[in-house]
>>> print(open('work_20.pdb').read())   # PDB, C-alpha atoms
MODEL        1
ATOM      1  CA  MET C   1    -104.614 128.787 -54.541
ATOM      2  CA  ALA C   2    -104.043 131.870 -52.391
ATOM      3  CA  ASN C   3    -102.169 135.134 -52.772
ATOM      4  CA  GLY C   4    -101.666 135.646 -49.022
ATOM      5  CA  LEU C   5    -102.183 138.533 -46.627
ATOM      6  CA  ARG C   6    -100.884 141.947 -47.597
ATOM      7  CA  ASP C   7    -100.515 142.869 -43.914
ATOM      8  CA  ARG C   8    -101.872 141.805 -40.551
ATOM      9  CA  VAL C   9    -105.608 141.608 -39.983
ATOM     10  CA  PRO C  10    -106.704 144.306 -37.517
ATOM     11  CA  GLU C  11    -107.978 143.186 -34.131
ATOM     12  CA  ASN C  12    -111.429 144.614 -34.783
ATOM     13  CA  ALA C  13    -111.974 142.785 -38.086
ATOM     14  CA  VAL C  14    -115.169 140.744 -38.443
ATOM     15  CA  HIS C  15    -115.374 137.097 -39.447
ATOM     16  CA  LEU C  16    -118.335 136.877 -41.837
ATOM     17  CA  CYS C  17    -119.454 133.264 -42.252
ATOM     18  CA  VAL C  18    -121.854 132.864 -45.174
ATOM     19  CA  ASP C  19    -124.896 130.557 -45.029
ATOM     20  CA  MET C  20    -123.503 127.536 -43.214
ATOM     21  CA  GLN C  21    -126.994 126.243 -42.470
ATOM     22  CA  ARG C  22    -128.625 122.852 -42.152
ATOM     23  CA  LEU C  23    -130.358 123.615 -45.473
ATOM     24  CA  PHE C  24    -126.976 123.118 -47.160
ATOM     25  CA  VAL C  25    -125.488 120.549 -44.767
ATOM     26  CA  ASP C  26    -128.362 118.104 -44.217
ATOM     27  CA  ASP C  27    -129.783 115.718 -46.817
ATOM     28  CA  THR C  28    -131.735 118.250 -48.921
ATOM     29  CA  PRO C  29    -131.709 119.014 -52.671
ATOM     30  CA  TRP C  30    -129.287 121.839 -51.855
ATOM     31  CA  ARG C  31    -126.848 119.751 -49.839
ATOM     32  CA  THR C  32    -123.274 120.902 -50.436
ATOM     33  CA  PRO C  33    -121.327 117.640 -50.298
ATOM     34  CA  TRP C  34    -118.179 118.959 -48.658
ATOM     35  CA  ALA C  35    -119.713 121.492 -46.278
ATOM     36  CA  GLN C  36    -118.999 119.096 -43.413
ATOM     37  CA  ARG C  37    -115.336 119.137 -44.386
ATOM     38  CA  VAL C  38    -114.991 122.900 -43.948
ATOM     39  CA  ILE C  39    -117.112 123.304 -40.797
ATOM     40  CA  PRO C  40    -114.196 122.308 -38.498
ATOM     41  CA  LEU C  41    -112.019 124.929 -40.221
ATOM     42  CA  ILE C  42    -114.700 127.584 -39.840
ATOM     43  CA  ALA C  43    -115.023 126.549 -36.199
ATOM     44  CA  ARG C  44    -111.309 127.292 -35.696
ATOM     45  CA  VAL C  45    -111.914 130.892 -36.769
ATOM     46  CA  CYS C  46    -114.937 131.035 -34.456
ATOM     47  CA  ASP C  47    -112.924 129.572 -31.575
ATOM     48  CA  ALA C  48    -110.380 132.356 -31.964
ATOM     49  CA  HIS C  49    -112.847 135.179 -32.672
ATOM     50  CA  ALA C  50    -116.383 134.219 -31.613
ATOM     51  CA  ASP C  51    -117.116 137.751 -30.463
ATOM     52  CA  ARG C  52    -115.991 139.051 -33.869
ATOM     53  CA  THR C  53    -118.113 136.578 -35.878
ATOM     54  CA  CYS C  54    -121.278 137.264 -37.870
ATOM     55  CA  PHE C  55    -123.234 134.465 -39.546
ATOM     56  CA  THR C  56    -125.577 135.048 -42.471
ATOM     57  CA  ARG C  57    -128.581 132.817 -43.145
ATOM     58  CA  PHE C  58    -130.434 132.449 -46.452
ATOM     59  CA  ILE C  59    -134.152 132.441 -45.625
ATOM     60  CA  PRO C  60    -136.593 131.097 -48.252
ATOM     61  CA  PRO C  61    -139.934 132.864 -48.730
ATOM     62  CA  ALA C  62    -143.079 131.183 -47.412
ATOM     63  CA  ALA C  63    -144.156 130.503 -51.006
ATOM     64  CA  PRO C  64    -142.930 131.519 -54.489
ATOM     65  CA  GLY C  65    -145.459 134.331 -54.747
ATOM     66  CA  ALA C  66    -144.007 135.970 -51.648
ATOM     67  CA  ALA C  67    -140.753 136.640 -53.512
ATOM     68  CA  ALA C  68    -140.041 139.595 -55.803
ATOM     69  CA  GLY C  69    -139.595 139.683 -59.572
ATOM     70  CA  GLU C  70    -137.494 136.931 -61.097
ATOM     71  CA  TRP C  71    -137.181 135.288 -57.683
ATOM     72  CA  VAL C  72    -140.750 134.014 -58.215
ATOM     73  CA  ARG C  73    -139.531 131.889 -61.131
ATOM     74  CA  TYR C  74    -136.563 130.711 -59.091
ATOM     75  CA  TRP C  75    -138.752 129.646 -56.175
ATOM     76  CA  ASN C  76    -141.242 127.947 -58.477
ATOM     77  CA  ARG C  77    -138.297 125.731 -59.484
ATOM     78  CA  TRP C  78    -137.425 125.094 -55.818
ATOM     79  CA  VAL C  79    -140.931 125.148 -54.361
ATOM     80  CA  GLU C  80    -140.158 122.158 -52.116
ATOM     81  CA  LEU C  81    -137.624 124.341 -50.291
ATOM     82  CA  THR C  82    -139.923 127.287 -49.598
ATOM     83  CA  GLY C  83    -140.795 128.175 -46.030
ATOM     84  CA  ASP C  84    -144.233 126.566 -46.018
ATOM     85  CA  ARG C  85    -142.772 123.230 -47.178
ATOM     86  CA  ILE C  86    -139.545 122.739 -45.220
ATOM     87  CA  ASP C  87    -138.809 121.938 -41.623
ATOM     88  CA  PRO C  88    -138.079 125.369 -40.062
ATOM     89  CA  ALA C  89    -135.014 123.881 -38.378
ATOM     90  CA  LEU C  90    -133.306 123.652 -41.777
ATOM     91  CA  VAL C  91    -132.692 127.409 -41.837
ATOM     92  CA  GLU C  92    -130.715 127.177 -38.582
ATOM     93  CA  LEU C  93    -126.926 127.154 -38.542
ATOM     94  CA  ALA C  94    -125.120 123.842 -38.812
ATOM     95  CA  PRO C  95    -125.179 122.217 -35.360
ATOM     96  CA  ASP C  96    -121.416 122.551 -34.820
ATOM     97  CA  LEU C  97    -121.653 126.322 -35.361
ATOM     98  CA  GLN C  98    -124.761 127.079 -33.305
ATOM     99  CA  ARG C  99    -122.781 127.109 -30.057
ATOM    100  CA  TYR C 100    -121.009 130.324 -31.067
ATOM    101  CA  VAL C 101    -124.244 132.358 -30.949
ATOM    102  CA  PRO C 102    -123.994 134.415 -28.777
ATOM    103  CA  PRO C 103    -121.556 136.161 -28.748
ATOM    104  CA  ALA C 104    -121.568 135.703 -32.539
ATOM    105  CA  ARG C 105    -124.449 137.449 -34.293
ATOM    106  CA  VAL C 106    -126.811 136.258 -37.032
ATOM    107  CA  PHE C 107    -128.038 138.318 -40.002
ATOM    108  CA  ASP C 108    -130.835 136.924 -42.177
ATOM    109  CA  LYS C 109    -131.261 137.609 -45.878
ATOM    110  CA  THR C 110    -133.683 136.562 -48.610
ATOM    111  CA  VAL C 111    -131.300 136.920 -51.569
ATOM    112  CA  TYR C 112    -127.716 135.912 -52.305
ATOM    113  CA  SER C 113    -126.188 139.154 -51.057
ATOM    114  CA  PRO C 114    -126.211 140.078 -47.364
ATOM    115  CA  TRP C 115    -125.981 143.747 -48.333
ATOM    116  CA  ALA C 116    -129.430 144.097 -49.923
ATOM    117  CA  CYS C 117    -131.343 144.695 -46.686
ATOM    118  CA  GLY C 118    -128.773 147.085 -45.218
ATOM    119  CA  GLY C 119    -128.746 145.772 -41.650
ATOM    120  CA  LEU C 120    -125.353 144.107 -41.829
ATOM    121  CA  GLN C 121    -123.684 147.075 -43.500
ATOM    122  CA  GLN C 122    -125.180 149.517 -40.998
ATOM    123  CA  SER C 123    -123.992 147.399 -38.077
ATOM    124  CA  LEU C 124    -120.449 147.111 -39.412
ATOM    125  CA  VAL C 125    -120.126 150.787 -40.301
ATOM    126  CA  ALA C 126    -121.552 151.861 -36.935
ATOM    127  CA  SER C 127    -118.893 149.732 -35.232
ATOM    128  CA  GLY C 128    -116.057 151.156 -37.320
ATOM    129  CA  ILE C 129    -115.330 147.846 -39.066
ATOM    130  CA  ASP C 130    -113.322 148.081 -42.280
ATOM    131  CA  THR C 131    -112.020 144.488 -42.680
ATOM    132  CA  LEU C 132    -113.999 141.298 -43.334
ATOM    133  CA  VAL C 133    -112.683 137.747 -43.112
ATOM    134  CA  VAL C 134    -114.997 135.585 -45.240
ATOM    135  CA  THR C 135    -115.754 131.863 -44.895
ATOM    136  CA  GLY C 136    -118.740 129.664 -45.764
ATOM    137  CA  GLY C 137    -120.628 128.663 -48.889
ATOM    138  CA  GLU C 138    -121.159 128.527 -51.696
ATOM    139  CA  THR C 139    -117.928 129.925 -53.125
ATOM    140  CA  ASP C 140    -119.508 130.761 -56.487
ATOM    141  CA  ILE C 141    -122.960 131.994 -55.367
ATOM    142  CA  CYS C 142    -123.620 133.550 -51.947
ATOM    143  CA  VAL C 143    -119.937 133.979 -51.074
ATOM    144  CA  LEU C 144    -119.395 135.589 -54.475
ATOM    145  CA  ALA C 145    -122.283 138.017 -53.884
ATOM    146  CA  THR C 146    -120.999 138.740 -50.380
ATOM    147  CA  VAL C 147    -117.431 139.373 -51.473
ATOM    148  CA  LEU C 148    -118.191 141.548 -54.493
ATOM    149  CA  GLY C 149    -120.680 143.599 -52.501
ATOM    150  CA  ALA C 150    -118.080 144.096 -49.773
ATOM    151  CA  VAL C 151    -115.564 145.258 -52.379
ATOM    152  CA  ASP C 152    -118.091 147.749 -53.755
ATOM    153  CA  LEU C 153    -118.685 149.074 -50.236
ATOM    154  CA  GLY C 154    -114.954 149.595 -49.711
ATOM    155  CA  PHE C 155    -114.226 146.901 -47.124
ATOM    156  CA  ARG C 156    -110.890 145.149 -46.995
ATOM    157  CA  VAL C 157    -111.838 141.562 -47.924
ATOM    158  CA  VAL C 158    -109.881 138.486 -46.833
ATOM    159  CA  VAL C 159    -111.232 135.209 -48.238
ATOM    160  CA  VAL C 160    -110.171 132.045 -46.401
ATOM    161  CA  THR C 161    -109.858 129.621 -49.300
ATOM    162  CA  ASP C 162    -109.824 126.346 -47.377
ATOM    163  CA  ALA C 163    -112.834 127.409 -45.267
ATOM    164  CA  LEU C 164    -115.120 127.741 -48.302
ATOM    165  CA  CYS C 165    -117.274 125.120 -49.978
ATOM    166  CA  SER C 166    -119.331 124.693 -53.117
ATOM    167  CA  SER C 167    -121.332 121.973 -54.850
ATOM    168  CA  ALA C 168    -118.747 121.405 -57.564
ATOM    169  CA  ASP C 169    -114.983 121.588 -57.538
ATOM    170  CA  SER C 170    -114.806 123.180 -61.000
ATOM    171  CA  VAL C 171    -116.871 126.261 -60.139
ATOM    172  CA  HIS C 172    -115.265 126.531 -56.686
ATOM    173  CA  ASP C 173    -111.837 126.598 -58.324
ATOM    174  CA  ALA C 174    -113.019 129.055 -60.977
ATOM    175  CA  ALA C 175    -114.393 131.415 -58.318
ATOM    176  CA  LEU C 176    -111.126 131.299 -56.352
ATOM    177  CA  LYS C 177    -109.223 132.056 -59.552
ATOM    178  CA  LEU C 178    -111.563 135.002 -60.161
ATOM    179  CA  TYR C 179    -110.965 136.340 -56.653
ATOM    180  CA  ARG C 180    -107.205 135.965 -56.979
ATOM    181  CA  ASP C 181    -106.572 136.920 -60.596
ATOM    182  CA  ARG C 182    -109.255 139.486 -61.423
ATOM    183  CA  PHE C 183    -109.797 141.075 -58.014
ATOM    184  CA  GLY C 184    -106.356 140.588 -56.502
ATOM    185  CA  LEU C 185    -105.977 144.284 -55.674
ATOM    186  CA  GLN C 186    -109.150 144.250 -53.565
ATOM    187  CA  ILE C 187    -109.525 140.634 -52.397
ATOM    188  CA  GLU C 188    -106.856 138.799 -50.429
ATOM    189  CA  THR C 189    -107.034 135.006 -50.643
ATOM    190  CA  VAL C 190    -105.402 133.192 -47.759
ATOM    191  CA  GLU C 191    -105.358 129.749 -46.177
ATOM    192  CA  LEU C 192    -106.604 129.259 -42.640
ATOM    193  CA  ASP C 193    -103.283 128.856 -40.849
ATOM    194  CA  GLU C 194    -101.928 132.089 -42.319
ATOM    195  CA  LEU C 195    -105.173 133.879 -41.420
ATOM    196  CA  LEU C 196    -105.054 132.744 -37.799
ATOM    197  CA  ASP C 197    -101.388 133.667 -37.523
ATOM    198  CA  GLY C 198    -102.080 137.104 -39.018
ATOM    199  CA  TRP C 199    -105.151 137.903 -36.901
ATOM    200  CA  ARG C 200    -104.331 137.860 -33.203
TER     201      ARG C 200
ENDMDL
END
>>> encode(input="work_20.pdb", output="structure tokens")
Amino acid sequence: MANGLRDRVPENAVHLCVDMQRLFVDDTPWRTPWAQRVIPLIARVCDAHADRTCFTRFIPPAAPGAAAGEWVRYWNRWVELTGDRIDPALVELAPDLQRYVPPARVFDKTVYSPWACGGLQQSLVASGIDTLVVTGGETDICVLATVLGAVDLGFRVVVVTDALCSSADSVHDAALKLYRDRFGLQIETVELDELLDGWR
């Protein structure tokens, strides 16, 4: 389910890996069952481009009341996963990805989108980056927010379809169809081998 690369990925592109944390890999209420299956594929991108990799991490508030607006209701539903309740190690990257930092960098966020706080965007723009290669999870939530925000900001977006994961196949497949069919002019969907061959 990929439309392929339009042209080669520039050398200075950034691999943006979304929220591959123990919170979603370990045995928690948010465990994404097939995250472990895609980590080795994500690691192949990191092996080739560790110095061009940025990881995002989703950081829960200390308590529901520390969140803003409708996020308070959300965190009241997931109060057992707020910062005061969980093991702090759960917000760390999955163990097999931690070894890439440094040279890979980590950007924390408190909402689905990594663009809300501005730090990631400022860093990329300051470095002259115009192309993002996206992996991680979940395809239909934080990856979706990441990808659509990147489109709005004018980045070239390359989504690596077999290096994404979600909690349910149906919504994962629906999100990939959305990327390919509705946003095909602005989002390139590609499988890992083609990505690695096109980004050297």
>>> residues_around(input="work_20.pdb", residues="segment 78-92 of chain C", least_positions_apart="4", cutoff="12 Å", atoms="all atoms listed in the file", output="PyMOL selection string")
chain C and resi 19-31+55-67+71-74+96-99+101+106-110
>>> residues_around(input="work_20.pdb", residues="Asn3 of chain C", least_positions_apart="6", cutoff="8 Å", atoms="only C-alpha atoms", output="JSON, numbers by chain")
{"C": [180, 184, 188, 189, 190]}
>>> write_last_selection(input="work_20.pdb", atoms="C-alpha atoms", output="short mmCIF file (atom, residue, chain, number, x, y, z; two decimals), in the frame of the given file")
data_model
loop_
_atom_site.label_atom_id
_atom_site.label_comp_id
_atom_site.auth_asym_id
_atom_site.auth_seq_id
_atom_site.Cartn_x
_atom_site.Cartn_y
_atom_site.Cartn_z
CA ARG C 180 -107.20 135.96 -56.98
CA GLY C 184 -106.36 140.59 -56.50
CA GLU C 188 -106.86 138.80 -50.43
CA THR C 189 -107.03 135.01 -50.64
CA VAL C 190 -105.40 133.19 -47.76
#
>>> residues_around(input="work_20.pdb", residues="Val14 of chain C", least_positions_apart="3", cutoff="10 Å", atoms="all atoms listed in the file", output="JSON, numbers by chain")
{"C": [9, 10, 11, 17, 49, 50, 51, 52, 53, 54, 124, 129, 130, 131, 132, 133, 134]}
>>> resolve_selection(input="work_20.pdb", expression="the PyMOL selection byres ((chain C and resi 135) around 7)", output="CSV table (one decimal) with C-alpha atoms, keeping the file's coordinate frame")
chain,number,residue,atom,x,y,z
C,16,LEU,CA,-118.3,136.9,-41.8
C,17,CYS,CA,-119.5,133.3,-42.3
C,18,VAL,CA,-121.9,132.9,-45.2
C,42,ILE,CA,-114.7,127.6,-39.8
C,133,VAL,CA,-112.7,137.7,-43.1
C,134,VAL,CA,-115.0,135.6,-45.2
C,136,GLY,CA,-118.7,129.7,-45.8
C,159,VAL,CA,-111.2,135.2,-48.2
C,160,VAL,CA,-110.2,132.0,-46.4
C,163,ALA,CA,-112.8,127.4,-45.3
C,164,LEU,CA,-115.1,127.7,-48.3
>>> resolve_selection(input="work_20.pdb", expression="the PyMOL selection byres ((chain C and resi 170-179) around 8)", output="NGL selection string")
:C and (1 or 138-140 or 144 or 161 or 165-169 or 180-184 or 187-189)
